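One file, final_15.cif, carrying mmCIF, C-alpha atoms and all ligand atoms:
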```cif
data_protein
#
loop_
_atom_site.label_atom_id
_atom_site.label_comp_id
_atom_site.auth_asym_id
_atom_site.auth_seq_id
_atom_site.Cartn_x
_atom_site.Cartn_y
_atom_site.Cartn_z
CA MET T 1 -75.68 73.21 -186.04
CA GLU T 2 -77.91 72.09 -183.16
CA VAL T 3 -78.17 68.59 -184.66
CA VAL T 4 -74.36 68.28 -184.73
CA LEU T 5 -74.10 69.33 -181.09
CA ASP T 6 -76.81 66.87 -180.06
CA ARG T 7 -75.00 64.05 -181.83
CA LYS T 8 -71.66 64.98 -180.23
CA ARG T 9 -73.34 65.23 -176.80
CA ARG T 10 -74.93 61.78 -177.29
CA GLU T 11 -71.58 60.30 -178.35
CA PHE T 12 -69.89 61.87 -175.32
CA LEU T 13 -72.54 60.59 -172.90
CA THR T 14 -72.41 57.12 -174.45
CA THR T 15 -68.62 57.05 -174.08
CA VAL T 16 -68.78 58.20 -170.47
CA ALA T 17 -71.52 55.71 -169.63
CA HIS T 18 -69.62 52.82 -171.23
CA GLY T 19 -66.40 53.79 -169.44
CA GLY T 20 -68.25 53.95 -166.14
CA VAL T 21 -69.71 50.48 -166.61
CA CYS T 22 -66.29 49.06 -167.51
CA MET T 23 -64.83 50.62 -164.36
CA LEU T 24 -67.57 48.96 -162.33
CA CYS T 25 -66.91 45.63 -164.03
CA SER T 26 -63.26 45.68 -163.05
CA GLY T 27 -63.92 46.93 -159.53
CA ALA T 28 -65.52 45.75 -156.35
CA PHE T 29 -69.03 45.93 -157.80
CA ALA T 30 -68.42 43.39 -160.54
CA SER T 31 -70.06 40.54 -158.66
CA VAL T 32 -73.40 42.33 -158.52
CA LEU T 33 -73.49 43.24 -162.19
CA THR T 34 -74.77 40.97 -164.88
CA GLY T 35 -73.33 40.80 -168.33
CA CYS T 36 -69.77 41.53 -167.24
CA ASN T 37 -66.99 39.46 -168.72
CA GLU T 38 -66.27 36.43 -166.46
CA GLU T 39 -62.57 37.18 -166.22
CA ASP T 40 -63.43 40.59 -164.76
CA ASN T 41 -65.34 38.98 -161.88
CA PRO T 42 -63.30 38.33 -158.75
CA VAL T 43 -63.38 34.90 -157.07
CA ALA T 44 -65.52 34.86 -153.94
CA PHE T 45 -63.25 33.69 -151.12
CA ASP T 46 -64.35 32.22 -147.80
CA GLU T 47 -63.17 33.49 -144.42
CA PRO T 48 -60.26 31.55 -142.82
CA VAL T 49 -62.22 31.21 -139.56
CA ILE T 50 -65.08 28.73 -139.91
CA ASP T 51 -67.93 28.99 -137.41
CA ILE T 52 -68.95 25.37 -136.78
CA ASN T 53 -72.33 26.53 -135.42
CA LYS T 54 -73.13 27.80 -138.92
CA GLU T 55 -71.42 25.03 -140.91
CA THR T 56 -73.85 22.12 -140.68
CA ALA T 57 -71.61 19.70 -142.60
CA LEU T 58 -68.88 20.03 -139.97
CA GLN T 59 -71.06 19.43 -136.92
CA ASN T 60 -70.49 15.67 -136.94
CA VAL T 61 -67.28 13.65 -137.10
CA GLY T 62 -66.65 12.61 -140.71
CA GLY T 63 -68.35 15.69 -142.15
CA ALA T 64 -66.54 17.80 -144.72
CA VAL T 65 -66.90 20.97 -146.75
CA LYS T 66 -65.06 22.60 -149.59
CA LYS T 67 -63.72 26.11 -149.09
CA ARG T 68 -61.68 28.60 -151.04
CA ILE T 69 -59.55 30.85 -148.83
CA SER T 70 -57.35 33.43 -150.51
CA SER T 71 -54.34 32.82 -148.23
CA VAL T 72 -54.45 29.00 -148.32
CA ASN T 73 -53.46 26.65 -151.17
CA GLY T 74 -52.83 29.63 -153.43
CA GLY T 75 -56.54 30.43 -153.29
CA SER T 76 -57.48 27.05 -154.80
CA VAL T 77 -60.18 24.84 -153.31
CA ILE T 78 -59.50 22.95 -150.08
CA ILE T 79 -61.47 20.33 -148.18
CA VAL T 80 -61.99 20.74 -144.44
CA VAL T 81 -62.77 17.43 -142.72
CA ARG T 82 -63.88 16.89 -139.13
CA THR T 83 -61.74 13.97 -138.01
CA GLY T 84 -62.76 13.93 -134.33
CA GLU T 85 -64.71 15.83 -131.69
CA THR T 86 -62.02 18.51 -131.52
CA THR T 87 -59.85 17.71 -134.53
CA PHE T 88 -60.06 18.89 -138.12
CA VAL T 89 -57.86 18.54 -141.18
CA ALA T 90 -57.58 20.83 -144.20
CA LEU T 91 -56.39 19.30 -147.48
CA SER T 92 -55.90 20.64 -150.96
CA ALA T 93 -58.78 19.61 -153.22
CA ILE T 94 -56.48 19.67 -156.22
CA CYS T 95 -55.43 16.18 -157.29
CA THR T 96 -51.66 15.69 -157.30
CA HIS T 97 -51.85 13.58 -160.49
CA GLN T 98 -53.03 16.10 -163.10
CA GLY T 99 -54.77 18.81 -161.11
CA SER T 100 -58.45 17.88 -161.26
CA GLU T 101 -60.65 18.90 -158.34
CA VAL T 102 -61.28 15.88 -156.11
CA GLY T 103 -64.65 15.09 -154.53
CA LEU T 104 -65.75 15.32 -150.92
CA PRO T 105 -64.81 12.29 -148.79
CA ASP T 106 -66.96 9.20 -148.63
CA LYS T 107 -66.15 6.98 -145.63
CA ASP T 108 -62.78 8.72 -145.15
CA VAL T 109 -61.82 8.32 -148.80
CA ILE T 110 -61.42 11.21 -151.24
CA THR T 111 -61.68 10.19 -154.90
CA CYS T 112 -60.54 12.06 -157.97
CA PRO T 113 -63.18 11.87 -160.70
CA ASN T 114 -60.64 12.15 -163.50
CA HIS T 115 -58.50 8.96 -163.27
CA GLY T 116 -59.69 7.47 -160.00
CA SER T 117 -56.88 8.25 -157.57
CA ARG T 118 -58.03 7.79 -153.97
CA PHE T 119 -56.71 9.61 -150.92
CA ASN T 120 -57.08 9.15 -147.17
CA ALA T 121 -59.38 11.96 -145.99
CA THR T 122 -57.81 12.13 -142.53
CA ASN T 123 -54.27 12.91 -143.74
CA GLY T 124 -54.25 13.22 -147.55
CA SER T 125 -52.07 10.16 -148.17
CA VAL T 126 -52.45 8.21 -151.41
CA ILE T 127 -54.50 5.00 -151.16
CA ASN T 128 -54.17 4.21 -154.83
CA GLY T 129 -52.90 6.04 -157.93
CA PRO T 130 -52.20 7.05 -160.52
CA ALA T 131 -51.39 9.92 -158.12
CA THR T 132 -48.17 9.25 -156.19
CA SER T 133 -48.06 12.31 -153.93
CA PRO T 134 -50.42 13.06 -151.03
CA LEU T 135 -52.88 15.95 -151.05
CA PRO T 136 -51.09 18.90 -149.41
CA LYS T 137 -52.22 19.52 -145.84
CA PHE T 138 -52.83 22.88 -144.16
CA THR T 139 -53.18 23.91 -140.53
CA ALA T 140 -56.69 23.56 -139.08
CA THR T 141 -56.89 24.79 -135.48
CA TYR T 142 -60.01 24.20 -133.42
CA ASP T 143 -61.02 26.71 -130.74
CA ALA T 144 -63.44 25.11 -128.28
CA ASN T 145 -64.28 28.46 -126.68
CA TYR T 146 -65.79 29.80 -129.89
CA ASN T 147 -66.46 26.50 -131.69
CA THR T 148 -64.45 27.70 -134.66
CA VAL T 149 -61.73 26.26 -136.88
CA THR T 150 -59.04 28.55 -138.24
CA ILE T 151 -57.48 27.44 -141.50
CA GLY T 152 -53.94 28.34 -142.55
S1 LIG S 201 -56.13 14.07 -162.16
FE1 LIG S 201 -56.73 12.98 -160.39
S2 LIG S 201 -56.30 10.92 -160.83
FE2 LIG S 201 -55.65 11.99 -162.58
#
```
What is this structure when it is put down as structure tokens?
Amino acid sequence: MEVVLDRKRREFLTTVAHGGVCMLCSGAFASVLTGCNEEDNPVAFDEPVIDINKETALQNVGGAVKKRISSVNGGSVIIVVRTGETTFVALSAICTHQGSEVGLPDKDVITCPNHGSRFNATNGSVINGPATSPLPKFTATYDANYNTVTIG
């Protein structure tokens, strides 16, 4: 009789422990757990306000970074480019040809690695196809008082 109870207690504890882990996987703690299913892990989004003092790549004109902000571009990757001392542009990093992620700009040109479309990094316009539509552009507002750029 005692053996049966021990087995049932073990089964119960195993079930509870497994359920608890699954709840953690689907919750806010998923990113700190290992072994969770990838689709249970949330995407890590960046803040819409970028502190230029902390973003080395944006401290010089021509610099650029990729970001993923939940409220901008449907949460897909964007590229933030410093186009002047106080001007920035934010462009979708999703190629308008077939949806590949484009690279960071090189000499004001953004290139798609898939079929070679090239875009102007200062405004998203197409330089050469096969893409025919520009990279969508989002608001990028510089605040000189705080040296920040707010996206979206
Ligand atoms: S997906 Fe970018 S050029 Fe085709």
Residue with the minimum atom-to-atom distance to ligand LIG 201 (chain S), picked from T:Val149, T:Val77, T:Val126, T:Ala144 with all atoms listed in the file counted, is T:Val126
Contacts of Thr111 of chain T within 12 Å, only C-alpha atoms, excl. fewer than 4 positions in-chain, as a PDB file with C-alpha atoms, in the coordinates of the input:
```
ATOM      1  CA  ALA T  93     -58.780  19.610-153.220  1.00  0.00           C
ATOM      2  CA  ILE T  94     -56.480  19.670-156.220  1.00  0.00           C
ATOM      3  CA  CYS T  95     -55.430  16.180-157.290  1.00  0.00           C
ATOM      4  CA  THR T  96     -51.660  15.690-157.300  1.00  0.00           C
ATOM      5  CA  HIS T  97     -51.850  13.580-160.490  1.00  0.00           C
ATOM      6  CA  SER T 100     -58.450  17.880-161.260  1.00  0.00           C
ATOM      7  CA  GLU T 101     -60.650  18.900-158.340  1.00  0.00           C
ATOM      8  CA  VAL T 102     -61.280  15.880-156.110  1.00  0.00           C
ATOM      9  CA  GLY T 103     -64.650  15.090-154.530  1.00  0.00           C
ATOM     10  CA  LEU T 104     -65.750  15.320-150.920  1.00  0.00           C
ATOM     11  CA  PRO T 105     -64.810  12.290-148.790  1.00  0.00           C
ATOM     12  CA  ASP T 106     -66.960   9.200-148.630  1.00  0.00           C
ATOM     13  CA  LYS T 107     -66.150   6.980-145.630  1.00  0.00           C
ATOM     14  CA  HIS T 115     -58.500   8.960-163.270  1.00  0.00           C
ATOM     15  CA  GLY T 116     -59.690   7.470-160.000  1.00  0.00           C
ATOM     16  CA  SER T 117     -56.880   8.250-157.570  1.00  0.00           C
ATOM     17  CA  ARG T 118     -58.030   7.790-153.970  1.00  0.00           C
ATOM     18  CA  PHE T 119     -56.710   9.610-150.920  1.00  0.00           C
ATOM     19  CA  ASN T 120     -57.080   9.150-147.170  1.00  0.00           C
ATOM     20  CA  ALA T 121     -59.380  11.960-145.990  1.00  0.00           C
ATOM     21  CA  GLY T 124     -54.250  13.220-147.550  1.00  0.00           C
ATOM     22  CA  SER T 125     -52.070  10.160-148.170  1.00  0.00           C
ATOM     23  CA  VAL T 126     -52.450   8.210-151.410  1.00  0.00           C
ATOM     24  CA  ILE T 127     -54.500   5.000-151.160  1.00  0.00           C
ATOM     25  CA  ASN T 128     -54.170   4.210-154.830  1.00  0.00           C
ATOM     26  CA  GLY T 129     -52.900   6.040-157.930  1.00  0.00           C
ATOM     27  CA  PRO T 130     -52.200   7.050-160.520  1.00  0.00           C
ATOM     28  CA  ALA T 131     -51.390   9.920-158.120  1.00  0.00           C
ATOM     29  CA  LEU T 135     -52.880  15.950-151.050  1.00  0.00           C
TER      30      LEU T 135
END
```
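Rounded to one decimal, atom CA of Gly152 of chain T and atom CA of Val65 of chain T lie 15.5 Å from each other.
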Determine the nearest neighbour of ligand LIG 201 (chain S) from the options T:Gly63, T:Gly99, T:Val72, T:Asp46, counting only C-alpha atoms and all ligand atoms.
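Closest residue, counting only C-alpha atoms and all ligand atoms: T:Gly99.
When atom CA of Ser71 of chain T is paired with atom CA of Phe138 of chain T, their separation reads 10.8 Å.
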What's around Thr150 of chain T at 6 Å? Count all atoms listed in the file, leave out sequence neighbours fewer than 4 positions away in its own chain, and write the answer as a ChimeraX atom specification.
/T:48-49,140-141
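Of the listed residues T:Ala90, T:Val109, T:Ile52, T:Ile151, the one whose atoms come nearest to Lys137 of chain T is T:Ala90, with distances taken using all atoms listed in the file.
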When distances are computed from only C-alpha atoms, which of T:Thr132, T:Thr122, T:Thr148, T:Thr139 shows the smallest separation from Val81 of chain T?
T:Thr122
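Taking atom CA of Ser133 of chain T and atom CA of Gly62 of chain T as endpoints, the distance between them is 22.8 Å.
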What would the list of residues within 12 Å of (-72.0, 11.5, -139.0) (file frame) look like as a PyMOL selection string, if all atoms listed in the file are what count?
chain T and resi 56-64+81-85+106-108
